[in-house]
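Visitor: What follows is model-v4.cif; its format and atoms are mmCIF, C-alpha atoms.
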data_query
loop_
_atom_site.label_atom_id
_atom_site.label_comp_id
_atom_site.auth_asym_id
_atom_site.auth_seq_id
_atom_site.Cartn_x
_atom_site.Cartn_y
_atom_site.Cartn_z
CA MET Z 264 -149.47 116.36 39.85
CA ILE Z 265 -153.08 115.27 39.64
CA SER Z 266 -154.71 111.88 40.03
CA PHE Z 267 -157.53 110.52 37.95
CA ARG Z 268 -160.74 108.73 38.77
CA VAL Z 269 -162.35 106.38 36.29
CA ASN Z 270 -165.96 105.42 36.84
CA GLY Z 271 -166.92 102.27 34.97
CA ARG Z 272 -170.64 102.98 35.25
CA SER Z 273 -170.80 106.62 34.16
CA GLY Z 274 -171.51 105.88 30.49
CA VAL Z 275 -168.68 108.25 29.53
CA PRO Z 276 -165.81 106.27 27.92
CA PRO Z 277 -162.83 106.01 30.30
CA TYR Z 278 -160.46 107.90 27.95
CA LEU Z 279 -162.92 110.80 27.79
CA GLN Z 280 -163.16 110.86 31.58
CA ILE Z 281 -159.39 111.39 31.72
CA VAL Z 282 -159.51 114.11 29.04
CA GLN Z 283 -162.31 115.89 30.91
CA GLN Z 284 -160.48 115.68 34.24
CA VAL Z 285 -157.33 117.23 32.73
CA ARG Z 286 -159.33 120.05 31.10
CA GLN Z 287 -161.19 120.62 34.36
CA ALA Z 288 -157.93 120.75 36.34
CA LEU Z 289 -156.56 123.29 33.85
CA ARG Z 290 -159.67 125.46 34.08
CA MET Z 291 -159.69 125.35 37.87
CA GLY Z 292 -155.98 126.14 38.01
CA VAL Z 293 -155.07 122.82 39.67
CA LEU Z 294 -152.73 122.24 36.70
CA ASP Z 295 -150.61 124.99 35.21
CA VAL Z 296 -148.43 125.44 32.13
CA GLY Z 297 -145.25 123.38 32.52
CA ASP Z 298 -146.78 120.88 34.97
CA GLN Z 299 -146.26 117.20 34.27
CA LEU Z 300 -149.16 114.78 33.88
CA PRO Z 301 -148.81 111.41 35.61
CA THR Z 302 -147.05 108.82 33.45
CA VAL Z 303 -149.10 106.11 31.78
CA ARG Z 304 -147.53 103.58 34.15
CA GLU Z 305 -148.57 105.66 37.19
CA VAL Z 306 -152.14 106.09 35.95
CA VAL Z 307 -152.73 102.42 35.17
CA ALA Z 308 -151.20 101.27 38.45
CA ALA Z 309 -153.52 103.64 40.34
CA VAL Z 310 -156.84 103.20 38.52
CA ALA Z 311 -156.43 99.82 36.74
CA VAL Z 312 -157.37 100.88 33.22
CA ASN Z 313 -155.90 99.77 29.92
CA PRO Z 314 -152.71 101.74 29.09
CA ASN Z 315 -154.14 102.30 25.59
CA THR Z 316 -156.95 104.28 27.25
CA VAL Z 317 -154.48 106.68 28.90
CA LEU Z 318 -152.42 106.98 25.70
CA LYS Z 319 -155.57 107.80 23.75
CA ALA Z 320 -156.57 110.48 26.28
CA TYR Z 321 -153.09 112.06 26.19
CA ARG Z 322 -153.05 111.98 22.38
CA ASP Z 323 -156.42 113.76 22.30
CA LEU Z 324 -155.11 116.44 24.66
CA GLU Z 325 -152.00 116.77 22.53
CA ARG Z 326 -154.08 117.24 19.36
CA GLU Z 327 -155.98 119.99 21.16
CA GLY Z 328 -152.62 121.61 21.85
CA LEU Z 329 -153.10 121.52 25.62
CA VAL Z 330 -150.21 119.16 26.42
CA GLU Z 331 -147.02 118.01 24.73
CA ALA Z 332 -145.15 114.73 25.00
CA ARG Z 333 -141.41 115.16 25.52
CA ALA Z 334 -139.63 111.97 24.50
CA GLY Z 335 -138.19 110.17 27.51
CA HIS Z 336 -139.51 112.75 29.98
CA GLY Z 337 -143.29 112.52 29.97
CA THR Z 338 -146.29 114.64 29.11
CA PHE Z 339 -146.38 118.32 30.10
CA VAL Z 340 -149.00 121.06 30.05
CA ARG Z 341 -148.43 123.42 27.13
CA LYS Z 342 -151.30 125.84 27.53
CA ARG Z 343 -154.62 126.31 29.22
CA PRO Z 344 -157.85 125.65 27.32
CA PRO Z 345 -159.50 128.78 25.90
CA GLY Z 346 -161.81 130.44 28.38
CA PRO Z 347 -161.70 132.75 31.37
CA PRO Z 348 -158.86 132.60 33.97
CA PRO Z 349 -159.23 130.06 36.82
CA GLY Z 350 -160.55 132.62 39.34
CA THR Z 351 -163.64 133.20 37.24
CA HIS Z 352 -164.84 129.62 37.73
CA SER Z 353 -164.59 129.67 41.49
CA ARG Z 354 -166.25 133.13 41.64
CA LEU Z 355 -169.17 131.98 39.45
CA GLY Z 356 -169.29 128.70 41.39
CA ARG Z 357 -169.79 130.66 44.62
CA SER Z 358 -172.65 132.72 43.18
CA LEU Z 359 -174.20 129.55 41.76
CA ALA Z 360 -173.98 127.93 45.20
CA ARG Z 361 -175.91 130.93 46.61
CA TRP Z 362 -178.54 130.42 43.89
CA VAL Z 363 -178.79 126.69 44.65
CA ARG Z 364 -179.36 127.44 48.35
CA GLU Z 365 -182.09 129.90 47.42
CA ALA Z 366 -183.71 127.37 45.04
CA ARG Z 367 -183.61 124.63 47.71
CA GLY Z 368 -185.17 127.08 50.16
CA ALA Z 369 -187.94 127.66 47.64
CA GLY Z 370 -188.58 123.89 47.49
CA LEU Z 371 -186.91 122.98 44.17
CA ASP Z 372 -185.32 119.53 43.98
CA ASP Z 373 -182.20 118.71 41.94
CA GLU Z 374 -184.15 117.54 38.93
CA SER Z 375 -186.21 120.74 38.78
CA MET Z 376 -183.04 122.81 39.07
CA GLU Z 377 -181.35 120.89 36.28
CA SER Z 378 -184.32 121.29 33.96
CA LEU Z 379 -184.56 125.00 34.86
CA LEU Z 380 -180.88 125.39 33.95
CA ARG Z 381 -181.39 123.58 30.65
CA VAL Z 382 -184.44 125.70 29.77
CA THR Z 383 -182.58 128.90 30.65
CA LEU Z 384 -179.54 127.87 28.58
CA ARG Z 385 -181.75 127.13 25.61
CA ALA Z 386 -183.57 130.45 25.98
CA ALA Z 387 -180.22 132.26 26.18
CA ASP Z 388 -179.00 130.47 23.03
CA ALA Z 389 -182.14 131.47 21.18
CA ALA Z 390 -181.77 135.10 22.32
CA ASP Z 391 -178.12 135.11 21.17
CA SER Z 392 -178.91 133.75 17.72
CA ASN Z 393 -181.79 136.27 17.31
CA SER Z 394 -179.54 139.21 18.11
CA GLU Z 395 -176.94 137.85 15.66
CA GLU Z 396 -179.54 137.65 12.91
CA SER Z 397 -180.80 141.18 13.50
CA ALA Z 398 -177.25 142.58 13.61
CA MET C 111 -151.01 96.63 13.01
CA SER C 112 -150.06 92.97 13.30
CA THR C 113 -152.25 90.23 14.66
CA ALA C 114 -151.46 88.30 17.84
CA VAL C 115 -154.22 85.72 17.59
CA GLU C 116 -156.07 84.59 14.50
CA THR C 117 -158.29 81.52 14.23
CA HIS C 118 -160.18 80.33 11.20
CA GLU C 119 -163.22 78.09 11.64
CA LEU C 120 -161.61 76.51 14.66
CA SER C 121 -163.49 73.49 16.01
CA LYS C 122 -162.95 71.11 18.88
CA ARG C 123 -165.03 68.00 19.48
CA TYR C 124 -164.79 65.74 22.50
CA ARG C 125 -166.40 62.48 21.38
CA ARG C 126 -169.95 63.58 20.53
CA VAL C 127 -169.82 66.99 22.16
CA SER C 128 -168.76 70.17 20.36
CA ALA C 129 -166.71 72.46 22.62
CA LEU C 130 -165.91 74.88 19.79
CA THR C 131 -167.69 75.16 16.45
CA GLU C 132 -166.11 77.02 13.51
CA CYS C 133 -164.74 79.86 15.59
CA THR C 134 -163.14 82.68 13.60
CA VAL C 135 -161.47 85.19 15.87
CA THR C 136 -158.88 87.95 15.44
CA VAL C 137 -157.09 89.78 18.25
CA PRO C 138 -154.69 92.56 17.13
CA GLU C 139 -151.35 92.90 18.93
CA GLY C 140 -151.20 95.09 22.02
CA ARG C 141 -154.88 94.74 22.92
CA VAL C 142 -156.63 93.37 25.99
CA SER C 143 -159.41 91.11 24.79
CA ALA C 144 -162.33 90.11 27.02
CA LEU C 145 -163.37 86.51 26.45
CA VAL C 146 -166.96 86.29 27.66
CA GLY C 147 -169.83 83.82 27.50
CA PRO C 148 -171.87 81.51 29.70
CA ASN C 149 -170.21 78.61 31.51
CA GLY C 150 -169.58 75.78 29.09
CA ALA C 151 -169.54 78.08 26.03
CA GLY C 152 -165.99 77.00 25.14
CA LYS C 153 -163.87 79.78 26.67
CA THR C 154 -161.44 77.46 28.46
CA THR C 155 -161.14 75.21 25.40
CA LEU C 156 -160.27 78.21 23.20
CA LEU C 157 -157.63 79.42 25.68
CA ARG C 158 -156.13 75.93 25.95
CA ILE C 159 -155.87 75.61 22.16
CA LEU C 160 -154.21 79.04 21.90
CA ALA C 161 -151.75 78.02 24.62
CA GLY C 162 -150.88 74.82 22.74
CA LEU C 163 -152.36 72.64 25.52
CA ALA C 164 -155.12 71.17 23.34
CA SER C 165 -155.27 70.58 19.62
CA PRO C 166 -158.22 71.50 17.43
CA THR C 167 -160.23 68.87 15.56
CA GLY C 168 -160.97 71.31 12.72
CA GLY C 169 -159.89 74.70 11.38
CA THR C 170 -156.67 76.54 12.12
CA ALA C 171 -155.17 78.71 14.86
CA CYS C 172 -152.32 81.14 14.37
CA VAL C 173 -150.71 82.55 17.52
CA LEU C 174 -147.87 85.10 17.26
CA GLY C 175 -147.30 84.09 13.66
CA GLY C 176 -147.33 80.29 14.02
CA ALA C 177 -149.47 77.33 15.01
CA PRO C 178 -149.62 76.76 18.79
CA ARG C 179 -147.32 73.89 19.67
CA GLN C 180 -145.44 72.28 22.53
CA ASP C 181 -141.99 73.61 21.73
CA PRO C 182 -139.80 75.81 23.92
CA ALA C 183 -139.56 78.70 21.42
CA PHE C 184 -143.36 78.99 21.21
CA LEU C 185 -144.01 78.45 24.91
CA ALA C 186 -141.41 81.06 25.89
CA GLU C 187 -143.65 83.74 24.41
CA ILE C 188 -146.92 82.57 25.98
CA GLY C 189 -148.09 83.18 29.52
CA PHE C 190 -151.02 81.00 30.58
CA LEU C 191 -152.74 81.30 33.93
CA ALA C 192 -155.26 78.52 34.48
CA GLN C 193 -158.39 78.88 36.58
CA GLU C 194 -156.96 76.93 39.51
CA ILE C 195 -153.90 79.03 40.28
CA PRO C 196 -150.95 76.74 39.62
CA LEU C 197 -148.55 77.36 42.53
CA TYR C 198 -146.71 74.99 44.88
CA GLY C 199 -148.23 75.67 48.31
CA ARG C 200 -145.14 74.54 50.25
CA PHE C 201 -142.77 76.79 48.29
CA THR C 202 -142.28 80.53 48.87
CA ALA C 203 -142.70 83.22 46.21
CA GLU C 204 -138.89 83.52 46.13
CA ASP C 205 -138.62 79.74 45.43
CA HIS C 206 -141.04 80.15 42.55
CA ILE C 207 -139.03 83.08 41.15
CA ARG C 208 -135.85 80.98 41.23
CA ILE C 209 -137.53 77.98 39.62
CA GLY C 210 -138.90 80.30 36.91
CA ALA C 211 -135.42 81.67 36.25
CA HIS C 212 -134.17 78.10 35.61
CA MET C 213 -136.97 77.26 33.23
CA ASN C 214 -137.50 80.43 31.19
CA PRO C 215 -135.01 82.05 28.81
CA ARG C 216 -136.28 85.64 29.05
CA TRP C 217 -137.09 85.55 32.76
CA ASP C 218 -136.98 88.86 34.68
CA SER C 219 -136.57 88.01 38.40
CA ALA C 220 -136.17 91.68 39.38
CA LEU C 221 -139.52 92.50 37.79
CA ALA C 222 -141.34 89.86 39.86
CA ARG C 223 -139.55 90.87 43.11
CA THR C 224 -140.27 94.59 42.59
CA ARG C 225 -143.93 94.00 41.83
CA LEU C 226 -144.47 91.75 44.84
CA ALA C 227 -142.61 94.23 47.06
CA GLU C 228 -144.88 97.04 45.77
CA LEU C 229 -147.86 94.93 46.85
CA ARG C 230 -146.17 94.12 50.20
CA ILE C 231 -146.41 90.40 49.57
CA PRO C 232 -143.75 88.54 51.57
CA LEU C 233 -141.29 86.66 49.36
CA ASP C 234 -140.17 84.30 52.12
CA GLN C 235 -143.55 82.95 53.20
CA ARG C 236 -144.99 79.67 51.93
CA VAL C 237 -147.42 80.46 49.11
CA GLY C 238 -149.97 78.08 50.67
CA THR C 239 -150.29 80.41 53.69
CA LEU C 240 -151.03 83.55 51.61
CA SER C 241 -154.56 84.86 50.96
CA GLY C 242 -156.32 84.02 47.70
CA GLY C 243 -155.73 87.55 46.41
CA GLN C 244 -152.02 87.40 47.27
CA ARG C 245 -151.64 84.00 45.59
CA ALA C 246 -153.28 85.37 42.43
CA GLN C 247 -150.88 88.32 42.52
CA VAL C 248 -147.87 85.99 42.93
CA ALA C 249 -149.06 83.88 39.98
CA LEU C 250 -149.59 86.97 37.80
CA ALA C 251 -146.23 88.49 38.77
CA LEU C 252 -144.53 85.19 37.86
CA THR C 253 -146.38 85.02 34.55
CA LEU C 254 -145.36 88.62 33.73
CA ALA C 255 -141.75 87.90 34.76
CA LYS C 256 -141.66 85.48 31.88
CA ARG C 257 -142.12 88.57 29.67
CA PRO C 258 -144.61 86.87 27.37
CA ARG C 259 -145.93 88.43 24.18
CA LEU C 260 -149.32 86.81 24.71
CA LEU C 261 -150.94 86.39 28.10
CA LEU C 262 -153.92 84.03 28.41
CA LEU C 263 -155.87 84.36 31.66
CA ASP C 264 -158.73 81.99 32.47
CA GLU C 265 -161.09 83.66 34.97
CA PRO C 266 -158.24 84.91 37.12
CA VAL C 267 -160.32 87.20 39.32
CA ALA C 268 -163.43 85.04 39.78
CA ALA C 269 -162.60 84.05 43.36
CA LEU C 270 -161.18 87.39 44.51
CA ASP C 271 -162.74 90.12 46.66
CA PRO C 272 -163.25 93.57 45.03
CA LEU C 273 -160.01 95.07 46.37
CA ALA C 274 -157.91 92.05 45.36
CA ARG C 275 -159.55 92.19 41.94
CA ARG C 276 -158.72 95.85 41.51
CA ASN C 277 -155.10 95.20 42.55
CA PHE C 278 -154.85 92.26 40.17
CA LEU C 279 -156.12 94.37 37.26
CA ALA C 280 -153.74 97.21 38.22
CA THR C 281 -150.82 94.75 38.07
CA LEU C 282 -152.05 93.50 34.72
CA ALA C 283 -152.37 97.07 33.38
CA SER C 284 -148.86 97.91 34.69
CA GLY C 285 -147.51 94.85 32.89
CA MET C 286 -149.14 96.10 29.70
CA ALA C 287 -147.62 99.56 30.18
CA ASP C 288 -144.15 98.06 30.82
CA ALA C 289 -144.40 96.03 27.60
CA GLU C 290 -145.16 99.22 25.62
CA GLY C 291 -147.57 97.62 23.18
CA GLY C 292 -145.64 94.33 22.92
CA LEU C 293 -148.05 92.36 25.11
CA THR C 294 -151.47 91.08 24.06
CA VAL C 295 -153.88 89.74 26.69
CA VAL C 296 -156.91 87.48 26.37
CA LEU C 297 -158.82 87.44 29.63
CA SER C 298 -161.94 85.40 30.36
CA SER C 299 -164.28 86.68 33.04
CA HIS C 300 -167.93 87.13 33.96
CA LEU C 301 -167.32 90.50 35.65
CA ILE C 302 -168.26 93.02 32.99
CA THR C 303 -167.49 96.13 35.04
CA ASP C 304 -163.92 94.85 35.52
CA LEU C 305 -163.64 94.05 31.83
CA GLU C 306 -164.89 97.54 30.90
CA ARG C 307 -161.92 99.09 32.69
CA VAL C 308 -159.13 97.07 31.15
CA CYS C 309 -160.38 95.54 27.91
CA ASP C 310 -160.55 97.27 24.55
CA HIS C 311 -161.51 94.19 22.55
CA ILE C 312 -164.11 91.45 23.02
CA VAL C 313 -164.72 87.86 21.94
CA LEU C 314 -168.16 86.56 22.91
CA LEU C 315 -168.93 82.84 22.78
CA THR C 316 -172.24 81.10 23.34
CA GLY C 317 -172.92 77.42 22.75
CA SER C 318 -169.43 76.83 21.30
CA ARG C 319 -169.81 79.54 18.62
CA VAL C 320 -168.43 83.06 18.26
CA GLN C 321 -171.25 85.62 18.43
CA LEU C 322 -169.19 88.79 18.50
CA CYS C 323 -165.54 89.66 17.97
CA GLY C 324 -163.99 93.10 17.64
CA ASP C 325 -163.03 96.47 19.06
CA ILE C 326 -165.34 97.34 21.99
CA GLU C 327 -165.68 101.01 21.14
CA ALA C 328 -166.50 100.27 17.49
CA LEU C 329 -169.04 97.60 18.48
CA LEU C 330 -170.75 99.95 20.96
CA ALA C 331 -171.00 102.59 18.21
CA GLU C 332 -172.52 100.04 15.78
CA HIS C 333 -175.27 98.94 18.18
CA LYS C 334 -178.26 100.97 19.35
CA ILE C 335 -181.31 100.36 21.47
CA LEU C 336 -184.41 101.41 19.56
CA VAL C 337 -187.44 102.32 21.64
CA GLY C 338 -190.75 102.86 19.88
CA PRO C 339 -194.42 101.95 19.67
CA ARG C 340 -195.26 98.29 19.35
CA LYS C 341 -195.51 97.48 15.67
CA ASP C 342 -194.21 95.14 12.99
CA THR C 343 -190.42 95.01 13.23
CA ALA C 344 -189.96 93.49 9.75
CA PRO C 345 -188.96 96.83 8.11
CA ILE C 346 -186.19 97.25 10.72
CA GLU C 347 -185.08 93.63 10.30
CA ARG C 348 -184.72 94.10 6.54
CA THR C 349 -181.93 96.65 7.01
CA HIS C 350 -180.48 95.95 10.44
CA ARG C 351 -179.74 92.88 12.51
CA VAL C 352 -182.10 92.66 15.47
CA VAL C 353 -180.19 91.02 18.32
CA GLN C 354 -182.84 91.19 20.98
CA THR C 355 -186.49 92.25 21.23
CA ALA C 356 -188.55 93.05 24.27
CA ALA C 357 -192.14 94.15 23.97
CA THR C 358 -195.00 95.30 26.12
CA PRO C 359 -198.48 95.65 24.59
CA ARG C 360 -197.67 99.28 23.76
CA GLN C 361 -193.91 99.54 23.38
CA SER C 362 -191.11 97.60 21.78
CA THR C 363 -187.45 97.80 22.64
CA LEU C 364 -184.98 96.42 20.10
CA LEU C 365 -181.25 96.01 20.41
CA VAL C 366 -179.95 96.22 16.85
CA ARG C 367 -176.66 96.13 15.00
CA LEU C 368 -177.00 99.01 12.57
CA SER C 369 -176.14 98.86 8.91
CA GLY C 370 -176.97 102.47 8.14
CA PRO C 371 -179.24 105.10 9.67
CA VAL C 372 -182.62 104.29 11.22
CA VAL C 373 -185.14 106.05 8.98
CA ASP C 374 -188.36 105.37 10.94
CA PRO C 375 -188.90 108.46 13.15
CA ALA C 376 -191.16 106.45 15.48
CA TYR C 377 -188.04 104.91 17.02
CA GLN C 378 -185.80 106.71 19.42
CA ALA C 379 -182.19 105.42 19.25
CA GLU C 380 -180.23 105.14 22.49
CA ASP C 381 -176.60 104.17 23.12
CA VAL C 382 -175.87 100.70 24.51
CA THR C 383 -173.53 99.84 27.37
CA LEU C 384 -171.11 96.92 27.18
CA GLU C 385 -173.20 95.05 29.74
CA GLU C 386 -176.39 95.45 27.67
CA LEU C 387 -174.55 94.33 24.56
CA VAL C 388 -173.08 91.23 26.22
CA LEU C 389 -176.37 90.22 27.84
CA ALA C 390 -178.28 90.66 24.57
CA TYR C 391 -175.88 88.46 22.62
CA MET C 392 -175.74 85.86 25.38
CA GLY C 393 -179.55 85.75 25.42
CA ALA C 394 -179.74 85.55 21.62
CA GLY C 395 -177.13 82.77 21.58
CA GLU C 396 -179.03 80.70 24.11
CA ALA C 397 -182.33 81.18 22.30
CA SER C 398 -180.88 80.00 18.98
CA ALA C 399 -179.12 77.06 20.66
CA GLY C 400 -182.52 76.01 22.03
CA ARG C 401 -184.17 76.29 18.60
CA HIS C 402 -181.62 74.13 16.85
CA LEU C 403 -181.25 71.72 19.75
CA THR C 404 -177.49 72.05 19.57
CA THR C 405 -175.54 70.18 22.20
CA VAL C 406 -173.59 72.63 24.28
CA GLY C 407 -170.37 71.06 25.45
CA GLU C 408 -168.80 71.74 28.79
CA GLY C 409 -165.40 73.33 28.20
CA SER C 410 -162.76 71.21 29.87
#
Using structure tokens, write down the structure from this file.
Guide:
Amino acid sequence: MISFRVNGRSGVPPYLQIVQQVRQALRMGVLDVGDQLPTVREVVAAVAVNPNTVLKAYRDLEREGLVEARAGHGTFVRKRPPGPPPGTHSRLGRSLARWVREARGAGLDDESMESLLRVTLRAADAADSNSEESA
Amino acid sequence: MSTAVETHELSKRYRRVSALTECTVTVPEGRVSALVGPNGAGKTTLLRILAGLASPTGGTACVLGGAPRQDPAFLAEIGFLAQEIPLYGRFTAEDHIRIGAHMNPRWDSALARTRLAELRIPLDQRVGTLSGGQRAQVALALTLAKRPRLLLLDEPVAALDPLARRNFLATLASGMADAEGGLTVVLSSHLITDLERVCDHIVLLTGSRVQLCGDIEALLAEHKILVGPRKDTAPIERTHRVVQTAATPRQSTLLVRLSGPVVDPAYQAEDVTLEELVLAYMGAGEASAGRHLTTVGEGS
């Protein structure tokens, strides 16, 4: 079972925060196929959000095919989102942490690192689309 | 979806003062509506009319399919929690639960006892000796035990500390979940971050008039902040409604309600937060009230 956090000041709508936290838990392997999500009643009692918000989040996840509602029992994980197995994330996370340490050592602050990541992602996208066009 | 609350050009005058002026409001069933506006805008008056405690001097109100009235069948379906929490200080929570059971046909004593036990609020202690947060929780638990279809809450969390407020809202949200869509809430408050968590609908009053009424998500999508060079805003105003303008010698910032895409590439459109939206409409309402020299009545 996982618990949710809802940040009122993040700018991300509360229902989307719940959707993202479920997807994240599935990617990281915190949630697995067959696991039950907390009931709407449990979520609202813990984080004080509108029950409609939780229902909307669960419906979105259901439409994506990630969870299924079983009448009278609750909502259960049906499959993991497409993408690499959970171990991949933690492995890449570790190598990214090494990179962040190196960048800090070289005097980069968080903002410079974020913009470097964005620039690199954009460059990689451009390279990908070029190779697709030439293929 | 059916409608829990619907008013049409609802007005209330106290002698020469208008507390509500032609207010048209719709709240669909199963929603939590935030009733916001400056003090004296008419929030309490609107809640009292919906609860059947005051009668309008103009227009109509329809609550749960009928006009609000002082009859047992109507009142059985309405929960109303006034600003000054109405409890008997010398009685215990258990006394209140038993009194409620005598007076209300659909009363659920077990619900109230369970909820107060969850919150570790003693049932056998005089309510007058409990903390403000605990008293608010007792009052809310009692109101929910009535199993109303419409819950009207007048600034219930104003006097509470942040933890008590969070607990109060959690109890409210649990009550909503238990009712499975059969409970509609109208909640007045000044605390926008609290409202953002629990409300999915908003009614905004300024100077006795409705400025905004609708689904929060839809309203946020309809409004944008346009940031651009300082220039004539008339072309924008022809297509969109400008709610608020702020300008420096070089830059202007407009909060607009869009009716179509913004064509001028000089403007950069940014999303609005609920707080920005509320503040802009409150500011606009006050400015127009000043222009027309409207008397703003104190809600009683």
Visitor: Determine the residue membership of the PyMOL selection byres ((chain Z) within 7 of (chain C)) for the file above and supply it as a count of residues only.
Guide: 11
Visitor: Between C:Ile346, C:Leu315, C:Ala114, C:Leu262, which is the closest to Glu396 of chain C once you count all atoms listed in the file?
Guide: C:Leu315
Visitor: For atom CA of Pro371 of chain C and atom CA of Ala331 of chain C, quote the distance in Å rounded to one decimal.
Guide: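 Distance reported for this atom pair: 12.1 Å.
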Visitor: If the PyMOL selection byres ((chain Z and resi 321-334) around 12) were run on this exact file, what residues would it hold? Put them as an MDAnalysis selection string.
Guide: chainID Z and resid 278:290 294:303 306 314:320 335:345
Visitor: Take the PyMOL selection byres ((chain C and resi 358) around 12), run it mentally on this structure, and tell me the resulting residues as a PyMOL selection string.
Guide: chain C and resi 337-341+355-357+359-364
Visitor: Axis-aligned box over every listed atom of segment 333-347 of chain Z, padded by 3 Å per side: centre and edges in Å to one decimal, as AutoDock Vina command-line options?
Guide:
--center_x -150.0 --center_y 121.5 --center_z 27.9 --size_x 29.6 --size_y 28.6 --size_z 12.9
Visitor: With all atoms listed in the file as the counted atoms, please give the residues lying no more than 6 Å from Ile335 of chain C, apart from itself and same-chain residues fewer than 6 positions off, as a ChimeraX atom specification.
Guide: /C:364-365,379-380
Visitor: So, counting all atoms listed in the file, which residue among Z:Pro276, Z:Gly292, Z:Glu365, Z:Ser375 is closest to Ser353 of chain Z?
Guide: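 Using all atoms listed in the file, the shortest distance to Ser353 of chain Z belongs to Z:Gly292.
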Visitor: Extract, using all atoms listed in the file, all DNA, RNA and protein residues at most 8 Å from segment 191-204 of chain C, discarding same-chain residues fewer than 2 positions from it, and format them as a list in words.
Guide: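 In the requested form, the answer reads Gly189, His206, Ile207, Arg208, Arg223, Pro232, Leu233, Asp234, Gln235, Arg236, Val237, Gly238, Thr239, Arg245, Ala246, Val248, Ala249, Leu250, Thr253, Leu261, Leu262, Leu263, Asp264, Glu265 and Pro266 of chain C.
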Visitor: So how far away is atom CA of Leu260 of chain C from atom CA of Lys153 of chain C, in Å?
Guide: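 Pair atom CA of Lys153 of chain C / atom CA of Leu260 of chain C returns 16.3 Å.
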Visitor: For Gly243 of chain C, work out the shell of residues within 7 Å, counting all atoms listed in the file and skipping chain neighbours fewer than 4 positions away, then give it as a ChimeraX atom specification.
Guide: /C:247,270,274
Visitor: Select, from C:Ile209, C:Val372, C:Leu221, C:Cys172, the residue with the minimum atom-to-atom distance to Pro345 of chain C, counting all atoms listed in the file.
Guide: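 Counting all atoms listed in the file, the residue closest to Pro345 of chain C is C:Val372.
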Visitor: Which is closer to Val320 of chain C than all the others in C:His212, C:His118, C:Arg230, C:His333, using only C-alpha atoms?
Guide: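 So, comparing all the options, the nearest one is C:His118.
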Visitor: Here is a test: counting all atoms listed in the file, which residue of Z:Met291, Z:Ala387, Z:Ala369, Z:Leu380 is nearest to Gly356 of chain Z?
Guide: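 Among the listed residues, the smallest separation from Gly356 of chain Z belongs to Z:Met291.
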Visitor: How would segment 114-125 of chain C of the given structure read as a file with N, CA and C atoms, as a short mmCIF file (atom, residue, chain, number, x, y, z; two decimals), in the first residue's frame?
Guide:
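Writing done, so here's result-v1.cif:
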data_model
loop_
_atom_site.label_atom_id
_atom_site.label_comp_id
_atom_site.auth_asym_id
_atom_site.auth_seq_id
_atom_site.Cartn_x
_atom_site.Cartn_y
_atom_site.Cartn_z
N ALA C 114 -28.07 20.86 -7.00
CA ALA C 114 -28.41 20.93 -5.58
C ALA C 114 -28.91 22.31 -5.21
N VAL C 115 -28.24 23.33 -5.75
CA VAL C 115 -28.59 24.70 -5.44
C VAL C 115 -28.72 25.50 -6.73
N GLU C 116 -29.81 26.22 -6.86
CA GLU C 116 -29.99 27.07 -8.03
C GLU C 116 -30.71 28.33 -7.59
N THR C 117 -30.08 29.49 -7.82
CA THR C 117 -30.78 30.74 -7.50
C THR C 117 -30.88 31.54 -8.79
N HIS C 118 -31.96 32.33 -8.85
CA HIS C 118 -32.15 33.17 -10.03
C HIS C 118 -32.42 34.60 -9.58
N GLU C 119 -31.48 35.48 -9.91
CA GLU C 119 -31.58 36.90 -9.56
C GLU C 119 -32.02 37.13 -8.12
N LEU C 120 -31.41 36.38 -7.25
CA LEU C 120 -31.75 36.45 -5.83
C LEU C 120 -31.28 37.77 -5.21
N SER C 121 -32.18 38.46 -4.52
CA SER C 121 -31.80 39.72 -3.87
C SER C 121 -32.28 39.73 -2.43
N LYS C 122 -31.53 40.43 -1.60
CA LYS C 122 -31.95 40.61 -0.21
C LYS C 122 -31.60 42.02 0.21
N ARG C 123 -32.61 42.77 0.61
CA ARG C 123 -32.36 44.13 1.09
C ARG C 123 -32.73 44.20 2.56
N TYR C 124 -31.87 44.86 3.34
CA TYR C 124 -32.19 45.17 4.72
C TYR C 124 -32.40 46.67 4.76
N ARG C 125 -33.61 47.13 4.92
CA ARG C 125 -33.92 48.56 4.83
C ARG C 125 -33.31 49.16 3.57
#
